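Pasted below: run_21.cif, mmCIF, C-alpha atoms; chains and numbers go by the auth columns.
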data_model
#
loop_
_atom_site.group_PDB
_atom_site.id
_atom_site.type_symbol
_atom_site.label_atom_id
_atom_site.label_comp_id
_atom_site.label_asym_id
_atom_site.label_seq_id
_atom_site.Cartn_x
_atom_site.Cartn_y
_atom_site.Cartn_z
_atom_site.B_iso_or_equiv
_atom_site.auth_seq_id
_atom_site.auth_asym_id
ATOM 1 C CA MET A 1 62.567 -22.691 14.423 0.00 1 A
ATOM 2 C CA GLU A 2 61.296 -23.971 11.073 0.00 2 A
ATOM 3 C CA GLU A 3 64.582 -22.999 9.423 0.00 3 A
ATOM 4 C CA LEU A 4 66.466 -24.993 12.039 0.00 4 A
ATOM 5 C CA PHE A 5 64.227 -27.971 11.353 0.00 5 A
ATOM 6 C CA LYS A 6 64.900 -27.828 7.606 0.00 6 A
ATOM 7 C CA PHE A 7 68.650 -27.486 8.168 0.00 7 A
ATOM 8 C CA LEU A 8 68.783 -30.443 10.563 0.00 8 A
ATOM 9 C CA LEU A 9 66.551 -32.497 8.276 0.00 9 A
ATOM 10 C CA TRP A 10 68.967 -32.073 5.374 0.00 10 A
ATOM 11 C CA ILE A 11 71.883 -33.039 7.599 0.00 11 A
ATOM 12 C CA HIS A 12 69.907 -36.042 8.804 0.00 12 A
ATOM 13 C CA ILE A 13 69.080 -37.195 5.278 0.00 13 A
ATOM 14 C CA LEU A 14 72.614 -36.740 3.905 0.00 14 A
ATOM 15 C CA SER A 15 74.392 -38.329 6.855 0.00 15 A
ATOM 16 C CA GLY A 16 71.831 -41.124 7.070 0.00 16 A
ATOM 17 C CA SER A 17 72.177 -41.954 3.368 0.00 17 A
ATOM 18 C CA THR A 18 75.959 -41.980 3.679 0.00 18 A
ATOM 19 C CA GLY A 19 75.710 -44.219 6.723 0.00 19 A
ATOM 20 C CA LEU A 20 73.461 -46.744 4.984 0.00 20 A
ATOM 21 C CA ILE A 21 75.810 -47.018 1.997 0.00 21 A
ATOM 22 C CA THR A 22 79.073 -47.247 3.955 0.00 22 A
ATOM 23 C CA GLY A 23 77.552 -49.467 6.649 0.00 23 A
ATOM 24 C CA THR A 24 76.323 -51.941 4.061 0.00 24 A
ATOM 25 C CA LEU A 25 79.761 -51.898 2.415 0.00 25 A
ATOM 26 C CA ALA A 26 81.483 -52.534 5.758 0.00 26 A
ATOM 27 C CA VAL A 27 79.266 -55.565 6.286 0.00 27 A
ATOM 28 C CA VAL A 28 79.883 -57.228 2.914 0.00 28 A
ATOM 29 C CA VAL A 29 83.654 -56.751 2.609 0.00 29 A
ATOM 30 C CA VAL A 30 86.294 -58.840 4.405 0.00 30 A
ATOM 31 C CA LYS A 31 86.653 -57.704 8.003 0.00 31 A
ATOM 32 C CA GLY A 32 89.974 -56.158 8.975 0.00 32 A
ATOM 33 C CA ARG A 33 90.893 -55.121 5.457 0.00 33 A
ATOM 34 C CA ARG A 34 91.404 -51.467 4.501 0.00 34 A
ATOM 35 C CA MET A 35 88.001 -51.189 2.815 0.00 35 A
ATOM 36 C CA HIS A 36 86.287 -52.370 5.984 0.00 36 A
ATOM 37 C CA LYS A 37 88.200 -49.922 8.168 0.00 37 A
ATOM 38 C CA VAL A 38 87.557 -46.920 5.935 0.00 38 A
ATOM 39 C CA SER A 39 83.878 -47.653 5.305 0.00 39 A
ATOM 40 C CA GLY A 40 83.409 -48.501 8.986 0.00 40 A
ATOM 41 C CA LYS A 41 84.826 -45.168 10.112 0.00 41 A
ATOM 42 C CA ILE A 42 82.657 -43.236 7.673 0.00 42 A
ATOM 43 C CA PHE A 43 79.657 -45.257 8.827 0.00 43 A
ATOM 44 C CA PHE A 44 80.394 -44.461 12.474 0.00 44 A
ATOM 45 C CA TYR A 45 80.706 -40.698 12.023 0.00 45 A
ATOM 46 C CA SER A 46 77.776 -40.543 9.595 0.00 46 A
ATOM 47 C CA MET A 47 75.482 -42.409 11.961 0.00 47 A
ATOM 48 C CA LEU A 48 76.745 -40.355 14.898 0.00 48 A
ATOM 49 C CA LEU A 49 75.589 -37.217 13.096 0.00 49 A
ATOM 50 C CA THR A 50 72.353 -38.915 12.066 0.00 50 A
ATOM 51 C CA ALA A 51 71.572 -40.027 15.612 0.00 51 A
ATOM 52 C CA VAL A 52 72.273 -36.637 17.188 0.00 52 A
ATOM 53 C CA SER A 53 70.180 -34.840 14.559 0.00 53 A
ATOM 54 C CA SER A 54 67.362 -37.346 15.175 0.00 54 A
ATOM 55 C CA LEU A 55 67.314 -36.583 18.890 0.00 55 A
ATOM 56 C CA ILE A 56 67.170 -32.840 18.242 0.00 56 A
ATOM 57 C CA ILE A 57 64.586 -32.954 15.433 0.00 57 A
ATOM 58 C CA SER A 58 62.273 -35.270 17.355 0.00 58 A
ATOM 59 C CA ASN A 59 62.056 -32.751 20.199 0.00 59 A
ATOM 60 C CA LEU A 60 61.582 -29.548 18.196 0.00 60 A
ATOM 61 C CA PRO A 61 58.245 -27.764 18.774 0.00 61 A
ATOM 62 C CA GLY A 62 55.700 -29.017 16.277 0.00 62 A
ATOM 63 C CA HIS A 63 57.871 -31.959 15.241 0.00 63 A
ATOM 64 C CA HIS A 64 57.702 -34.299 18.225 0.00 64 A
ATOM 65 C CA ASN A 65 58.292 -37.826 16.991 0.00 65 A
ATOM 66 C CA PRO A 66 58.694 -40.665 19.545 0.00 66 A
ATOM 67 C CA PHE A 67 59.692 -43.120 16.838 0.00 67 A
ATOM 68 C CA LEU A 68 62.538 -40.906 15.583 0.00 68 A
ATOM 69 C CA PHE A 69 63.592 -40.216 19.173 0.00 69 A
ATOM 70 C CA ALA A 70 63.795 -43.939 19.978 0.00 70 A
ATOM 71 C CA ILE A 71 65.741 -44.740 16.814 0.00 71 A
ATOM 72 C CA GLY A 72 68.135 -41.833 17.384 0.00 72 A
ATOM 73 C CA GLY A 73 69.070 -42.694 20.959 0.00 73 A
ATOM 74 C CA PHE A 74 69.267 -46.411 20.221 0.00 74 A
ATOM 75 C CA THR A 75 71.557 -45.816 17.254 0.00 75 A
ATOM 76 C CA LEU A 76 73.753 -43.427 19.247 0.00 76 A
ATOM 77 C CA TYR A 77 74.361 -46.034 21.945 0.00 77 A
ATOM 78 C CA MET A 78 74.903 -48.925 19.548 0.00 78 A
ATOM 79 C CA ILE A 79 77.498 -47.225 17.337 0.00 79 A
ATOM 80 C CA CYS A 80 79.412 -45.676 20.237 0.00 80 A
ATOM 81 C CA SER A 81 79.542 -48.924 22.192 0.00 81 A
ATOM 82 C CA GLY A 82 80.206 -51.076 19.121 0.00 82 A
ATOM 83 C CA TYR A 83 83.041 -48.831 17.930 0.00 83 A
ATOM 84 C CA ARG A 84 84.543 -48.372 21.382 0.00 84 A
ATOM 85 C CA ILE A 85 84.874 -52.116 22.020 0.00 85 A
ATOM 86 C CA VAL A 86 87.556 -52.294 19.317 0.00 86 A
ATOM 87 C CA TRP A 87 89.754 -49.944 21.352 0.00 87 A
ATOM 88 C CA LEU A 88 89.001 -51.816 24.586 0.00 88 A
ATOM 89 C CA LYS A 89 90.134 -55.035 22.948 0.00 89 A
ATOM 90 C CA ARG A 90 93.597 -53.544 22.616 0.00 90 A
ATOM 91 C CA ALA A 91 93.618 -51.752 25.973 0.00 91 A
ATOM 92 C CA VAL A 92 92.429 -54.706 28.051 0.00 92 A
ATOM 93 C CA LYS A 93 96.028 -55.673 28.866 0.00 93 A
ATOM 94 C CA THR A 94 96.333 -52.600 31.088 0.00 94 A
ATOM 95 C CA ARG A 95 94.695 -52.321 34.502 0.00 95 A
ATOM 96 C CA ASN A 96 92.843 -49.122 33.690 0.00 96 A
ATOM 97 C CA ALA A 97 91.316 -50.186 30.377 0.00 97 A
ATOM 98 C CA PHE A 98 87.956 -48.575 31.134 0.00 98 A
ATOM 99 C CA SER A 99 87.540 -44.825 31.295 0.00 99 A
ATOM 100 C CA VAL A 100 84.800 -42.281 31.865 0.00 100 A
ATOM 101 C CA ILE A 101 83.898 -42.679 28.186 0.00 101 A
ATOM 102 C CA ASP A 102 82.889 -46.309 28.700 0.00 102 A
ATOM 103 C CA TYR A 103 80.918 -45.645 31.874 0.00 103 A
ATOM 104 C CA SER A 104 79.182 -42.677 30.236 0.00 104 A
ATOM 105 C CA ILE A 105 78.103 -44.778 27.236 0.00 105 A
ATOM 106 C CA THR A 106 76.631 -47.434 29.525 0.00 106 A
ATOM 107 C CA LEU A 107 74.968 -44.852 31.775 0.00 107 A
ATOM 108 C CA PHE A 108 73.357 -43.311 28.702 0.00 108 A
ATOM 109 C CA ALA A 109 72.024 -46.742 27.685 0.00 109 A
ATOM 110 C CA LEU A 110 70.557 -47.322 31.153 0.00 110 A
ATOM 111 C CA LEU A 111 68.879 -43.920 31.402 0.00 111 A
ATOM 112 C CA PHE A 112 67.682 -43.887 27.796 0.00 112 A
ATOM 113 C CA GLY A 113 66.334 -47.429 28.090 0.00 113 A
ATOM 114 C CA LEU A 114 64.326 -46.503 31.187 0.00 114 A
ATOM 115 C CA LEU A 115 63.081 -43.332 29.495 0.00 115 A
ATOM 116 C CA LEU A 116 61.859 -45.332 26.511 0.00 116 A
ATOM 117 C CA LEU A 117 59.962 -47.741 28.765 0.00 117 A
ATOM 118 C CA VAL A 118 58.209 -44.801 30.422 0.00 118 A
ATOM 119 C CA GLN A 119 57.448 -43.360 26.977 0.00 119 A
ATOM 120 C CA SER A 120 56.162 -46.755 25.870 0.00 120 A
ATOM 121 C CA GLY A 121 53.645 -46.892 28.720 0.00 121 A
ATOM 122 C CA SER A 122 52.299 -43.488 27.742 0.00 122 A
ATOM 123 C CA LEU A 123 52.003 -44.429 24.063 0.00 123 A
ATOM 124 C CA PHE A 124 50.278 -47.731 24.834 0.00 124 A
ATOM 125 C CA SER A 125 47.527 -45.835 26.634 0.00 125 A
ATOM 126 C CA ASN A 126 47.111 -43.299 23.823 0.00 126 A
ATOM 127 C CA LYS A 127 48.163 -44.883 20.529 0.00 127 A
ATOM 128 C CA GLY A 128 48.142 -48.602 21.169 0.00 128 A
ATOM 129 C CA PHE A 129 50.573 -50.475 18.909 0.00 129 A
ATOM 130 C CA PHE A 130 53.032 -47.578 18.643 0.00 130 A
ATOM 131 C CA GLY A 131 54.038 -48.185 22.244 0.00 131 A
ATOM 132 C CA VAL A 132 55.822 -51.341 21.098 0.00 132 A
ATOM 133 C CA VAL A 133 58.547 -49.344 19.325 0.00 133 A
ATOM 134 C CA PRO A 134 60.094 -47.576 22.326 0.00 134 A
ATOM 135 C CA ALA A 135 59.505 -50.678 24.466 0.00 135 A
ATOM 136 C CA VAL A 136 61.597 -52.882 22.184 0.00 136 A
ATOM 137 C CA PHE A 137 64.409 -50.361 21.832 0.00 137 A
ATOM 138 C CA GLY A 138 64.344 -49.664 25.556 0.00 138 A
ATOM 139 C CA LEU A 139 64.618 -53.329 26.526 0.00 139 A
ATOM 140 C CA ILE A 140 67.483 -53.867 24.081 0.00 140 A
ATOM 141 C CA CYS A 141 69.354 -50.860 25.517 0.00 141 A
ATOM 142 C CA LEU A 142 68.902 -52.165 29.054 0.00 142 A
ATOM 143 C CA SER A 143 69.997 -55.698 28.158 0.00 143 A
ATOM 144 C CA TYR A 144 73.173 -54.480 26.468 0.00 144 A
ATOM 145 C CA ALA A 145 73.866 -52.084 29.335 0.00 145 A
ATOM 146 C CA ALA A 146 73.656 -55.067 31.698 0.00 146 A
ATOM 147 C CA LEU A 147 76.227 -56.864 29.544 0.00 147 A
ATOM 148 C CA ASP A 148 78.472 -53.787 29.678 0.00 148 A
ATOM 149 C CA LEU A 149 78.318 -53.864 33.471 0.00 149 A
ATOM 150 C CA LYS A 150 79.381 -57.520 33.490 0.00 150 A
ATOM 151 C CA VAL A 151 82.371 -56.597 31.341 0.00 151 A
ATOM 152 C CA PHE A 152 83.296 -53.764 33.719 0.00 152 A
ATOM 153 C CA LYS A 153 83.189 -56.195 36.650 0.00 153 A
ATOM 154 C CA GLY A 154 85.337 -58.755 34.827 0.00 154 A
ATOM 155 C CA LYS A 155 82.540 -61.317 34.597 0.00 155 A
ATOM 156 C CA GLU A 156 82.826 -61.327 30.790 0.00 156 A
ATOM 157 C CA SER A 157 86.092 -61.441 28.825 0.00 157 A
ATOM 158 C CA ILE A 158 86.625 -58.645 26.310 0.00 158 A
ATOM 159 C CA LYS A 159 89.082 -60.849 24.441 0.00 159 A
ATOM 160 C CA GLN A 160 86.358 -63.390 23.725 0.00 160 A
ATOM 161 C CA LEU A 161 83.466 -60.962 23.567 0.00 161 A
ATOM 162 C CA TRP A 162 84.693 -58.001 21.524 0.00 162 A
ATOM 163 C CA ILE A 163 84.040 -59.309 18.029 0.00 163 A
ATOM 164 C CA VAL A 164 80.521 -60.443 18.969 0.00 164 A
ATOM 165 C CA VAL A 165 79.728 -57.054 20.524 0.00 165 A
ATOM 166 C CA HIS A 166 81.280 -55.129 17.637 0.00 166 A
ATOM 167 C CA ILE A 167 79.399 -57.003 14.930 0.00 167 A
ATOM 168 C CA THR A 168 76.100 -57.151 16.810 0.00 168 A
ATOM 169 C CA LYS A 169 75.978 -53.482 17.760 0.00 169 A
ATOM 170 C CA MET A 170 77.261 -51.993 14.514 0.00 170 A
ATOM 171 C CA VAL A 171 74.977 -54.156 12.369 0.00 171 A
ATOM 172 C CA GLY A 172 72.189 -53.543 14.882 0.00 172 A
ATOM 173 C CA ALA A 173 72.516 -49.805 14.288 0.00 173 A
ATOM 174 C CA LEU A 174 72.428 -50.453 10.548 0.00 174 A
ATOM 175 C CA ILE A 175 69.256 -52.535 10.957 0.00 175 A
ATOM 176 C CA ALA A 176 67.602 -49.721 12.897 0.00 176 A
ATOM 177 C CA SER A 177 68.483 -47.294 10.103 0.00 177 A
ATOM 178 C CA TYR A 178 67.056 -49.528 7.399 0.00 178 A
ATOM 179 C CA THR A 179 63.904 -49.972 9.465 0.00 179 A
ATOM 180 C CA ALA A 180 63.496 -46.209 9.803 0.00 180 A
ATOM 181 C CA VAL A 181 63.923 -45.687 6.060 0.00 181 A
ATOM 182 C CA LEU A 182 61.358 -48.371 5.188 0.00 182 A
ATOM 183 C CA VAL A 183 58.768 -47.248 7.736 0.00 183 A
ATOM 184 C CA VAL A 184 59.010 -43.597 6.707 0.00 184 A
ATOM 185 C CA ASN A 185 59.199 -44.025 2.926 0.00 185 A
ATOM 186 C CA VAL A 186 57.307 -47.224 2.091 0.00 186 A
ATOM 187 C CA ASN A 187 53.548 -47.529 2.333 0.00 187 A
ATOM 188 C CA MET A 188 52.376 -51.125 2.350 0.00 188 A
ATOM 189 C CA GLN A 189 50.110 -53.485 4.212 0.00 189 A
ATOM 190 C CA PRO A 190 50.519 -55.243 6.502 0.00 190 A
ATOM 191 C CA GLU A 191 52.797 -52.572 7.992 0.00 191 A
ATOM 192 C CA TRP A 192 54.446 -54.957 10.454 0.00 192 A
ATOM 193 C CA ILE A 193 56.440 -56.479 7.576 0.00 193 A
ATOM 194 C CA LEU A 194 58.419 -53.234 7.340 0.00 194 A
ATOM 195 C CA TRP A 195 59.377 -53.633 11.001 0.00 195 A
ATOM 196 C CA ILE A 196 60.220 -57.332 10.851 0.00 196 A
ATOM 197 C CA LEU A 197 62.021 -57.688 7.501 0.00 197 A
ATOM 198 C CA PRO A 198 65.183 -55.661 8.362 0.00 198 A
ATOM 199 C CA SER A 199 65.480 -57.378 11.755 0.00 199 A
ATOM 200 C CA VAL A 200 65.170 -60.879 10.312 0.00 200 A
ATOM 201 C CA SER A 201 67.615 -60.164 7.480 0.00 201 A
ATOM 202 C CA GLY A 202 70.016 -58.378 9.818 0.00 202 A
ATOM 203 C CA SER A 203 69.933 -61.206 12.366 0.00 203 A
ATOM 204 C CA ILE A 204 71.024 -63.643 9.661 0.00 204 A
ATOM 205 C CA VAL A 205 73.901 -61.320 8.688 0.00 205 A
ATOM 206 C CA ILE A 206 74.962 -60.955 12.333 0.00 206 A
ATOM 207 C CA SER A 207 74.918 -64.716 12.958 0.00 207 A
ATOM 208 C CA TYR A 208 76.872 -65.449 9.785 0.00 208 A
ATOM 209 C CA ASN A 209 79.607 -62.901 10.538 0.00 209 A
ATOM 210 C CA ILE A 210 79.948 -63.958 14.172 0.00 210 A
ATOM 211 C CA ARG A 211 80.412 -67.598 13.159 0.00 211 A
ATOM 212 C CA LYS A 212 82.910 -66.558 10.518 0.00 212 A
ATOM 213 C CA TYR A 213 85.070 -64.224 12.590 0.00 213 A
ATOM 214 C CA LYS A 214 84.626 -65.323 16.196 0.00 214 A
ATOM 215 C CA PRO A 215 88.018 -66.090 17.830 0.00 215 A
ATOM 216 C CA GLY A 216 88.917 -69.738 18.096 0.00 216 A
ATOM 217 C CA ARG A 217 87.164 -70.921 14.963 0.00 217 A
ATOM 218 C CA LYS A 218 89.724 -73.231 13.327 0.00 218 A
ATOM 219 C CA THR A 219 88.146 -73.144 9.895 0.00 219 A
ATOM 220 C CA ARG A 220 88.127 -69.375 9.664 0.00 220 A
ATOM 221 C CA LYS A 221 89.520 -68.257 6.294 0.00 221 A
ATOM 222 C CA TYR A 222 90.278 -64.667 7.171 0.00 222 A
ATOM 223 C CA LYS A 223 92.360 -63.169 9.940 0.00 223 A
ATOM 224 C CA LEU A 224 91.108 -59.937 11.408 0.00 224 A
ATOM 225 C CA ALA A 225 93.639 -57.173 11.020 0.00 225 A
ATOM 226 C CA GLU A 226 94.463 -54.979 13.980 0.00 226 A
ATOM 227 C CA GLN A 227 92.037 -52.090 14.246 0.00 227 A
ATOM 228 C CA PRO A 228 93.219 -48.532 14.891 0.00 228 A
ATOM 229 C CA ALA A 229 92.852 -47.242 18.435 0.00 229 A
ATOM 230 C CA VAL A 230 89.610 -45.420 19.087 0.00 230 A
ATOM 231 C CA PRO A 231 89.823 -42.544 21.566 0.00 231 A
#
Show this structure as structure tokens.
Amino acid sequence: MEELFKFLLWIHILSGSTGLITGTLAVVVVKGRRMHKVSGKIFFYSMLLTAVSSLIISNLPGHHNPFLFAIGGFTLYMICSGYRIVWLKRAVKTRNAFSVIDYSITLFALLFGLLLLVQSGSLFSNKGFFGVVPAVFGLICLSYAALDLKVFKGKESIKQLWIVVHITKMVGALIASYTAVLVVNVNMQPEWILWILPSVSGSIVISYNIRKYKPGRKTRKYKLAEQPAVP
């Protein structure tokens, strides 16, 4: 079991490092250009591997880690949903735009969000402040799952919503990754700064990019190129 842990840990570190680099690059370059597409794809698959390895590692005997578990599941939902919306933007013209993939992603968010809230209650009673971590991630998962359901029912337009969802969820996953790196590797007081700093910085990046690329903005300088279909 210890050999499996070491193997998964190396995969987690390598894929996570790759994801941080390519994700940051995808954020700073012009959206829709080749560099954005390539770095975005690498970011997606790197973080997919990172998230899955997190979920496994955090449940191995002797290595239970609720923080890593919360980050892993949250990241898995955010990148899958944020990447998938690009394909839905193109498929929305057909009647059967949504498939079992989309419903499965949202179902995962609902179940994982509820699981994190249950975990949060247990941690609050035993470890106090640490219960905040799964609570925050759980509530975010549930809120985004509720938005997904509105899209499925036609109450929200994918055409108007896709770029907001794509930017918010992909950058959100990147923020979670930066937070994990800081919390694990940096020792400073007060510790809450390590939790807040990536979120504050990331929120500014998200707001800036949404204003810049949101459809209908007349002063927009760049035109988003068509994204490749995502299965």
With 12 Å as the cut-off and only C-alpha atoms counted, what is the closest atom pair between each nearby residue of stretch 56-101 of chain A and stretch 10-30 of chain A? Distances in Å to one decimal, ordered by chain and number, as a tab-separated table.
residue	atom	partner	partner_atom	distance
A:Ile56	CA	A:His12	CA	10.3
A:Ile57	CA	A:His12	CA	9.0
A:Ser58	CA	A:His12	CA	11.5
A:Leu68	CA	A:His12	CA	11.1
A:Gly72	CA	A:His12	CA	10.5
A:Thr75	CA	A:Gly16	CA	11.2
A:Ile79	CA	A:Gly23	CA	10.9
- Message: Expand the PyMOL selection byres ((chain A and resi 152) around 12) into the explicit residue set it covers here, and present it as a ChimeraX atom specification.
- Response: /A:85,88,92,95-100,102-103,106,145-151,153-158
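Nearest-residue note for A:Gly138: choosing from A:Leu110, A:Leu4, A:Ile105, A:Val181, the minimum distance belongs to A:Leu110, counting all atoms listed in the file.
Note that atom CA of A:Thr179 and atom CA of A:Gly131 are 16.2 Å apart.
Using all atoms listed in the file, the residues found no farther than 8 Å from A:Tyr83, other than those of its own chain fewer than 4 positions away, are Phe44, Ile79, Trp87, His166, Met170 and Val230 of chain A.
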- Determine the residue set returned by the PyMOL selection byres ((chain A and resi 176) around 12) for the present structure, and present it as a PyMOL selection string. chain A and resi 16+19-20+23+47+50-51+67-68+70-79+133+136-137+140+168-175+177-183+194-203
- Query: Suppose you want the space between atom CA of A:Tyr45 and atom CA of A:Pro61; what is it in Å?
  - Reply: 26.8 Å
- Query: Of the candidates A:Lys37, A:Ile167, A:Val132, A:Gly32, which shows the shortest atom-to-atom distance to A:Arg211, using all atoms listed in the file?
  - Reply: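 Closest to A:Arg211 of all the choices is A:Ile167.
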- Quick one, how far is atom CA of A:Arg84 from atom CA of A:Leu111? 19.1 Å
- Can you list what the PyMOL selection byres ((chain A and resi 210) around 12) grabs from this structure, as a list in words?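 After applying the PyMOL selection byres ((chain A and resi 210) around 12), what remains is Val27, Lys31, Gln160, Leu161, Trp162, Ile163, Val164, Val165, His166, Ile167, Thr168, Lys169, Val171, Ser203, Ile204, Val205, Ile206, Ser207, Tyr208, Asn209, Arg211, Lys212, Tyr213, Lys214, Pro215, Gly216, Arg217 and Arg220 of chain A.
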My structure is short of atoms at stretch 183-207 of chain A; please model N, CA and C atoms there, returning them as a PDB file, in the coordinates of the input.
ATOM      1  N   VAL A 183      60.007 -47.674   7.087  1.00  0.00           N
ATOM      2  CA  VAL A 183      58.768 -47.248   7.736  1.00  0.00           C
ATOM      3  C   VAL A 183      58.342 -45.859   7.268  1.00  0.00           C
ATOM      4  N   VAL A 184      59.317 -44.972   7.082  1.00  0.00           N
ATOM      5  CA  VAL A 184      59.010 -43.597   6.707  1.00  0.00           C
ATOM      6  C   VAL A 184      58.658 -43.465   5.227  1.00  0.00           C
ATOM      7  N   ASN A 185      59.322 -44.246   4.370  1.00  0.00           N
ATOM      8  CA  ASN A 185      59.199 -44.025   2.926  1.00  0.00           C
ATOM      9  C   ASN A 185      58.367 -45.056   2.168  1.00  0.00           C
ATOM     10  N   VAL A 186      58.057 -46.174   2.788  1.00  0.00           N
ATOM     11  CA  VAL A 186      57.307 -47.224   2.091  1.00  0.00           C
ATOM     12  C   VAL A 186      55.922 -47.359   2.715  1.00  0.00           C
ATOM     13  N   ASN A 187      54.927 -47.381   1.872  1.00  0.00           N
ATOM     14  CA  ASN A 187      53.548 -47.529   2.333  1.00  0.00           C
ATOM     15  C   ASN A 187      53.004 -48.861   1.831  1.00  0.00           C
ATOM     16  N   MET A 188      52.875 -49.807   2.740  1.00  0.00           N
ATOM     17  CA  MET A 188      52.376 -51.125   2.350  1.00  0.00           C
ATOM     18  C   MET A 188      51.653 -51.765   3.530  1.00  0.00           C
ATOM     19  N   GLN A 189      50.840 -52.738   3.202  1.00  0.00           N
ATOM     20  CA  GLN A 189      50.110 -53.485   4.212  1.00  0.00           C
ATOM     21  C   GLN A 189      50.414 -54.972   4.053  1.00  0.00           C
ATOM     22  N   PRO A 190      50.550 -55.716   5.123  1.00  0.00           N
ATOM     23  CA  PRO A 190      50.519 -55.243   6.502  1.00  0.00           C
ATOM     24  C   PRO A 190      51.811 -54.491   6.868  1.00  0.00           C
ATOM     25  N   GLU A 191      51.673 -53.446   7.669  1.00  0.00           N
ATOM     26  CA  GLU A 191      52.797 -52.572   7.992  1.00  0.00           C
ATOM     27  C   GLU A 191      53.863 -53.272   8.818  1.00  0.00           C
ATOM     28  N   TRP A 192      53.487 -54.300   9.569  1.00  0.00           N
ATOM     29  CA  TRP A 192      54.446 -54.957  10.454  1.00  0.00           C
ATOM     30  C   TRP A 192      55.592 -55.605   9.687  1.00  0.00           C
ATOM     31  N   ILE A 193      55.371 -55.888   8.383  1.00  0.00           N
ATOM     32  CA  ILE A 193      56.440 -56.479   7.576  1.00  0.00           C
ATOM     33  C   ILE A 193      57.634 -55.526   7.493  1.00  0.00           C
ATOM     34  N   LEU A 194      57.349 -54.226   7.420  1.00  0.00           N
ATOM     35  CA  LEU A 194      58.419 -53.234   7.340  1.00  0.00           C
ATOM     36  C   LEU A 194      59.258 -53.207   8.611  1.00  0.00           C
ATOM     37  N   TRP A 195      58.658 -53.594   9.731  1.00  0.00           N
ATOM     38  CA  TRP A 195      59.377 -53.633  11.001  1.00  0.00           C
ATOM     39  C   TRP A 195      60.167 -54.927  11.150  1.00  0.00           C
ATOM     40  N   ILE A 196      59.625 -56.017  10.637  1.00  0.00           N
ATOM     41  CA  ILE A 196      60.220 -57.332  10.851  1.00  0.00           C
ATOM     42  C   ILE A 196      61.314 -57.659   9.843  1.00  0.00           C
ATOM     43  N   LEU A 197      61.106 -57.294   8.569  1.00  0.00           N
ATOM     44  CA  LEU A 197      62.021 -57.688   7.501  1.00  0.00           C
ATOM     45  C   LEU A 197      63.479 -57.290   7.762  1.00  0.00           C
ATOM     46  N   PRO A 198      63.780 -56.020   8.106  1.00  0.00           N
ATOM     47  CA  PRO A 198      65.183 -55.661   8.362  1.00  0.00           C
ATOM     48  C   PRO A 198      65.777 -56.428   9.536  1.00  0.00           C
ATOM     49  N   SER A 199      64.981 -56.668  10.576  1.00  0.00           N
ATOM     50  CA  SER A 199      65.480 -57.378  11.755  1.00  0.00           C
ATOM     51  C   SER A 199      65.807 -58.834  11.436  1.00  0.00           C
ATOM     52  N   VAL A 200      64.931 -59.479  10.679  1.00  0.00           N
ATOM     53  CA  VAL A 200      65.170 -60.879  10.312  1.00  0.00           C
ATOM     54  C   VAL A 200      66.406 -60.990   9.422  1.00  0.00           C
ATOM     55  N   SER A 201      66.470 -60.142   8.394  1.00  0.00           N
ATOM     56  CA  SER A 201      67.615 -60.164   7.480  1.00  0.00           C
ATOM     57  C   SER A 201      68.898 -59.822   8.219  1.00  0.00           C
ATOM     58  N   GLY A 202      68.834 -58.793   9.070  1.00  0.00           N
ATOM     59  CA  GLY A 202      70.016 -58.378   9.818  1.00  0.00           C
ATOM     60  C   GLY A 202      70.494 -59.431  10.796  1.00  0.00           C
ATOM     61  N   SER A 203      69.559 -60.150  11.419  1.00  0.00           N
ATOM     62  CA  SER A 203      69.933 -61.206  12.366  1.00  0.00           C
ATOM     63  C   SER A 203      70.702 -62.316  11.664  1.00  0.00           C
ATOM     64  N   ILE A 204      70.313 -62.621  10.438  1.00  0.00           N
ATOM     65  CA  ILE A 204      71.024 -63.643   9.661  1.00  0.00           C
ATOM     66  C   ILE A 204      72.446 -63.176   9.356  1.00  0.00           C
ATOM     67  N   VAL A 205      72.587 -61.893   8.981  1.00  0.00           N
ATOM     68  CA  VAL A 205      73.901 -61.320   8.688  1.00  0.00           C
ATOM     69  C   VAL A 205      74.783 -61.340   9.934  1.00  0.00           C
ATOM     70  N   ILE A 206      74.213 -60.970  11.071  1.00  0.00           N
ATOM     71  CA  ILE A 206      74.962 -60.955  12.333  1.00  0.00           C
ATOM     72  C   ILE A 206      75.444 -62.353  12.684  1.00  0.00           C
ATOM     73  N   SER A 207      74.561 -63.333  12.612  1.00  0.00           N
ATOM     74  CA  SER A 207      74.918 -64.716  12.958  1.00  0.00           C
ATOM     75  C   SER A 207      76.006 -65.250  12.040  1.00  0.00           C
TER      76      SER A 207
END
